[in-house]
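S.K.: This is the structure, below, for whatever I ask next.
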Amino acid sequence: MISLRYHIVSIAAAFLALAIGVVLGSTALNGSLLSGLSDEKGKLASQVSDLEGQRAALDARLADADAFAGATGPKVVAGALDKRSIVLVTTDDARPSDRDALKQLAGQAGATVTGEIQLTAAFSDPDKADQLRQVVTRLQPAGAKFPTAGDPGTLAGALLGSVALLNKDNAQPQSTPDELAAALGGLTDGGFAKPSENVRPAQLAIVLTGGKASGDGAGDKAATLARFATQLDRAGAGAVLAGDPESAEGTGAIGNVRADTSATSILSTVDNVNTAAGRVSAILALREQLDGAAGRYGIAGNAQAPAPGVKHPAN
């Protein structure tokens with residue numbers, strides 16, 4: 001019994017010694033580790049400070065460049081759209097400040113904005129797709145030819161194109177004033193649009209949006225607006241879809257258009273309309289549309305150039 005107790009005590013003592021050794025060893029290791037981490041923390045803090053300084057400098061340069069674009073923009077676009085007319089279509093997330101600045105610049109380019117049609121959130125809501133399709137089909141003007149594609153974005157583009165845009169060949173209305181009023185009234189009653197007063201048909205269209213779609217069905221929302229803008233372009237002398245940089249992503253309307261070669265061959269897109277330079281690009285892109293050309297402009301990776309007539313720095 002005494003021998004057994006002796007062995008138990010010996011084993012316990014050995015484990016105690018081992019535990020003490022581990023603690024002492026880990027304490028020394030932790031001290032060394034903490035010292036190394038402290039050094040790394042100091043280096044990272046210095047790097048963060050440097051990066052913040054670089055970002056501040058870049059922000060200042062961008063602000064200066066945008067101020068320059070804002071000051072010279074009216075001269076750049078002067079006369080580009082002389083005696084032309086534009087109907088403005090905005091989404092629910094488009095910023096009023098961008099809209100107002102774009103309208104002002106269009107006027108400085110010599111164009112007349114004939115009205116604004118604001119699309120509500122319901123317009124691109126996948127849960128409202130069947131309802132939008134039914135409303136648009138019911139409002140189809142007599143003699144208007146709608147595409148066989150049954151998606152609501154394309155059909156809505158055909159409807160507004162037939163009533164809100166002039167014929168691209170002779171600049172004459174494609175519908176009667178009553179048909180225009182009925183179409184806008186029907187979309188308003190259905191909760192899909194909020195038009196301004198006295199909207200008149202125009203030669204060109206700007207579809208102004210915000211960023212990328214979010215929430216359930218984000219991809220479907222973006223696709224609906226992309227198809228709408230593309231079909232609207234087909235109905236008149238030209239159109240431009242303009243938005244923020246995020247709109248050029250996968251769940252953005254511009255991103256959807258740029259992923260479709262058949263759409264990019266006719267519809268121009270601008271992904272930085274939140275800047276003065278982007279708004280100048282939008283006006284110049286409309287001018288390019290009148291000449292039968294289209295392009296992808298802005299700062300996103302899927303843009304081909306900053307603006308019409310300007311080569312991309314990477315090219």
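In the structure tokens, each chain is lettered A, B, ... as it comes, each chain's residues begin at 1, and ligands are numbered from 1 in order of appearance.
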Neighbours of Gly211 of chain A within 10 Å (only C-alpha atoms; same-chain residues fewer than 4 positions away dropped), as a PyMOL selection string?
M.R.: chain A and resi 93-94+222+242-249+251-254+271
S.K.: Give me, as a list in words, all polymer residues having an atom no more than 9 Å from Thr230 of chain A, counting only C-alpha atoms and skipping those fewer than 2 positions away in the same chain.
M.R.: Thr154, Gly157, Leu225, Ala226, Arg227, Phe228, Leu232, Asp233, Arg234, Ala239, Val240, Leu241, Val257, Ala263, Thr264, Ile266 and Leu267 of chain A
S.K.: Just the number, please: distance in Å from atom CA of Ala237 of chain A to atom CA of Ala259 of chain A, one decimal.
M.R.: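 For atom CA of Ala237 of chain A relative to atom CA of Ala259 of chain A, the distance reads 22.8 Å.
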S.K.: Choose the residue, out of A:Lys75, A:Ala80, A:Gln172, A:Ala183, that has the smallest atom-to-atom separation from Gln289 of chain A; count only C-alpha atoms.
M.R.: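 Comparing A:Lys75, A:Ala80, A:Gln172, A:Ala183 against Gln289 of chain A, the winner is A:Ala80.
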S.K.: In Å, rounded to a single decimal, give me how far atom CA of Glu116 of chain A is from atom CA of Gly190 of chain A.
M.R.: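 So the answer is 17.6 Å.
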S.K.: Tell me which protein, DNA and RNA residues are within 9 Å of Leu180 of chain A, counting only C-alpha atoms, leaving out same-chain ones fewer than 2 positions away, and put them as an MDAnalysis selection string.
M.R.: chainID A and resid 141 160 162:164 175:178 182:185 199:201
S.K.: Just list as a ChimeraX atom specification whatever in segment 79-271 of chain A DSSP marks as strand (DSSP E).
M.R.: /A:85-90,112-119,193-195,204-208,238-242,268-270
S.K.: Using only C-alpha atoms, which of A:Ala218, A:Leu139, A:Leu81, A:Leu165 sits nearest Gly186 of chain A?
M.R.: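 Once distances to Gly186 of chain A are computed over only C-alpha atoms, the minimum belongs to A:Leu139.
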S.K.: Of the candidates A:Val48, A:Leu155, A:Ala78, A:Ala121, which one gets nearest to Arg287 of chain A if we count only C-alpha atoms?
M.R.: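 Result for the nearest residue to Arg287 of chain A: A:Ala78.
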S.K.: When you count only C-alpha atoms, which of these residues is closest to Thr91 of chain A: A:Gln47, A:Pro74, A:Gly210, A:Ala181?
M.R.: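 Going through A:Gln47, A:Pro74, A:Gly210, A:Ala181 one by one, the smallest distance to Thr91 of chain A is for A:Gly210.
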S.K.: Rank A:Ala307, A:Val87, A:Leu187, A:Ala229 by their smallest atom-to-atom distance to Phe123 of chain A, using only C-alpha atoms, and report the top residue only.
M.R.: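 Once distances to Phe123 of chain A are computed over only C-alpha atoms, the minimum belongs to A:Leu187.
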S.K.: What residues in segment 75-314 of chain A get the DSSP label alpha helix (DSSP H)? Please answer as a ChimeraX atom specification.
M.R.: /A:75-77,96-108,129-138,152-164,177-189,218-235,253-258,261-264,276-290
S.K.: Could you name the residues that touch segment 274-285 of chain A at 8 Å or less, counting only C-alpha atoms, but leaving out those on the same chain fewer than 3 positions away, as a ChimeraX atom specification?
M.R.: /A:66-67,69-70,73,76-77,80-81,98,101-102,105-106,109,240,242-244,268-271,288-289,294-295,297-298,306-308
S.K.: Which polymer residues have any atom within 7 Å of an atom of Ala193 of chain A, counting only C-alpha atoms, with same-chain residues fewer than 4 positions away left out, as an mmCIF file with N, CA, C and O atoms, in the first residue's frame?
M.R.:
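What ended up in out.cif:
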```
data_model
loop_
_atom_site.group_PDB
_atom_site.id
_atom_site.type_symbol
_atom_site.label_atom_id
_atom_site.label_comp_id
_atom_site.auth_asym_id
_atom_site.auth_seq_id
_atom_site.Cartn_x
_atom_site.Cartn_y
_atom_site.Cartn_z
ATOM 1 N N ILE A 117 -40.613 61.023 -66.253
ATOM 2 C CA ILE A 117 -41.444 59.898 -65.852
ATOM 3 C C ILE A 117 -40.667 59.113 -64.806
ATOM 4 O O ILE A 117 -39.650 58.488 -65.116
ATOM 5 N N GLN A 118 -41.115 59.188 -63.568
ATOM 6 C CA GLN A 118 -40.425 58.465 -62.498
ATOM 7 C C GLN A 118 -41.034 57.080 -62.346
ATOM 8 O O GLN A 118 -42.240 56.928 -62.153
ATOM 9 N N LEU A 119 -40.190 56.062 -62.420
ATOM 10 C CA LEU A 119 -40.623 54.685 -62.216
ATOM 11 C C LEU A 119 -40.573 54.378 -60.723
ATOM 12 O O LEU A 119 -39.586 54.706 -60.053
ATOM 13 N N THR A 120 -41.599 53.746 -60.206
ATOM 14 C CA THR A 120 -41.633 53.413 -58.784
ATOM 15 C C THR A 120 -40.907 52.101 -58.529
ATOM 16 O O THR A 120 -40.518 51.380 -59.464
ATOM 17 N N LEU A 187 -50.266 53.544 -66.079
ATOM 18 C CA LEU A 187 -49.092 53.181 -65.283
ATOM 19 C C LEU A 187 -49.141 53.838 -63.903
ATOM 20 O O LEU A 187 -48.711 53.241 -62.908
ATOM 21 N N THR A 188 -49.679 55.050 -63.859
ATOM 22 C CA THR A 188 -49.818 55.745 -62.575
ATOM 23 C C THR A 188 -50.843 55.043 -61.694
ATOM 24 O O THR A 188 -50.603 54.797 -60.502
#
```
S.K.: Counting only C-alpha atoms, figure out which residue out of A:Val273, A:Phe146, A:Ala303, A:Asp130 gets nearest to Thr209 of chain A.
M.R.: A:Val273
